[in-house]
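**Student:** Before I ask anything, here is the structure I am working with.
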Amino acid sequence: MDINKLRKLLPARSSDEPFFVSTRDSKGKEKYHWDTVLEMGLAPDYGLFMPCCLPKFSDAAINALSDLSYPEVAWIVMRNFLPEKDIPDNVLAEMCEGAYSEITIPIEEAIDDSNIVIARLDDGPSGSFKDFAARFLARLMSYYLSSKKKHATIIVATSGDTGTAIQTAFHGLPNTNVLVLYPADGVSPIQEKQMLSVSGNVRAIPVDGNFDDCQRLAKSLLNDSKVREQFNLTSANSISIWRLLPQTIYYYYIWAKLNKRFKTRNIIFSVPSGNLGNLTAGLIAKRMGLPVKVFIAG
């Protein structure tokens, strides 16, 4: 990875220190550092953290993405949200290579000889698109905790694919424990076997209830300041901005590959949607300069 080449593609920033605010703080009075956001997961007012500002890539930088690998695109995107004094360039490069060097995104024709294609995000270890965000988050979390000589417990509520993605991403990484809460009768047999087959620093716990019950339990633990401080609890659900931001990466990568293949910037993304986290990541990428024509929520 040629970091000097990649640095030339970075957009200008208004500040060397990226800050985050809660979605419930409409005036942005309380600003948070990236590491505080990483540890807390959820804002004190129960809002979600979002970047204070989104830098915008130039057209030249967007055009240059087509010749880059996925780890290189990841480095360019995530460099905007992590201060160099805390995460040096070479460390960020190691995170991106470690997370993504063995994952590919096959782009296949949906219909022969058409301009409709499918970008497959199922090449990760769990077979879920959530591998892409989880693998970066896990490495960022482990590096941060190691540098601060801390240990954290990551709590996750899942209806299936999130739990497996988080488990495989964090498995074996130092300074972390993972607790996955899933509805006892609300996941497929294969998903349950996947979650229960992983051991070590990760554990899956069946809950007598549905996914919403699991989510409420996870949020209640995160919102209990005494419990959160005692166990240094944080979240790896989509409520964490550090799950959302790495998802923007594949929009840049896929757009660049399609732009090179079809020689057009009129690219439409149709995104399978649940709670719209995946689509939100695409909208963030668009706000940062990616010239997506239209998003369709599937």
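By order of appearance in the structure tokens: chains A, B, ..., then residues from 1 within every chain, and ligands from 1 in the order shown.
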What parts of segment 221-287 of chain A does DSSP call strand (DSSP E)? I'd like the answer as a ChimeraX atom specification.

**Tutor:** /A:233-235,268-271

**Student:** Interatomic distance between atom CA of Ile105 of chain A and atom CA of Phe269 of chain A?

**Tutor:**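 Computing it gives 15.0 Å between the two atoms.
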
**Student:** Here is a test: counting only C-alpha atoms, which residue of A:Leu222, A:Thr162, A:Gly47, A:Phe170 is nearest to Gly127 of chain A?

**Tutor:**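 Using only C-alpha atoms, the shortest distance to Gly127 of chain A belongs to A:Thr162.
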
**Student:** I'd like a table as CSV: residues in segment 134-246 of chain A with an atom no more than 8 Å from segment 270-282 of chain A, each row giving the shortest atom pair and its distance in Å to one decimal, only C-alpha atoms counted, sorted by chain and rising residue number.

**Tutor:**
```
residue,atom,partner,partner_atom,distance
A:Ser238,CA,A:Gly277,CA,6.7
A:Leu244,CA,A:Ala281,CA,6.0
A:Leu245,CA,A:Ala281,CA,6.5
```

**Student:** One number please: atom CA of Leu221 of chain A to atom CA of Pro51 of chain A, in Å, one decimal.

**Tutor:**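 Taking atom CA of Leu221 of chain A as the start and atom CA of Pro51 of chain A as the end point, the length is 24.6 Å.
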
**Student:** Nearest to Phe81 of chain A among A:Gly98, A:Pro11, A:Pro174, A:Gly160, with distances taken over only C-alpha atoms: which residue is it?

**Tutor:**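 With only C-alpha atoms as the atom set, the closest residue is A:Pro11.
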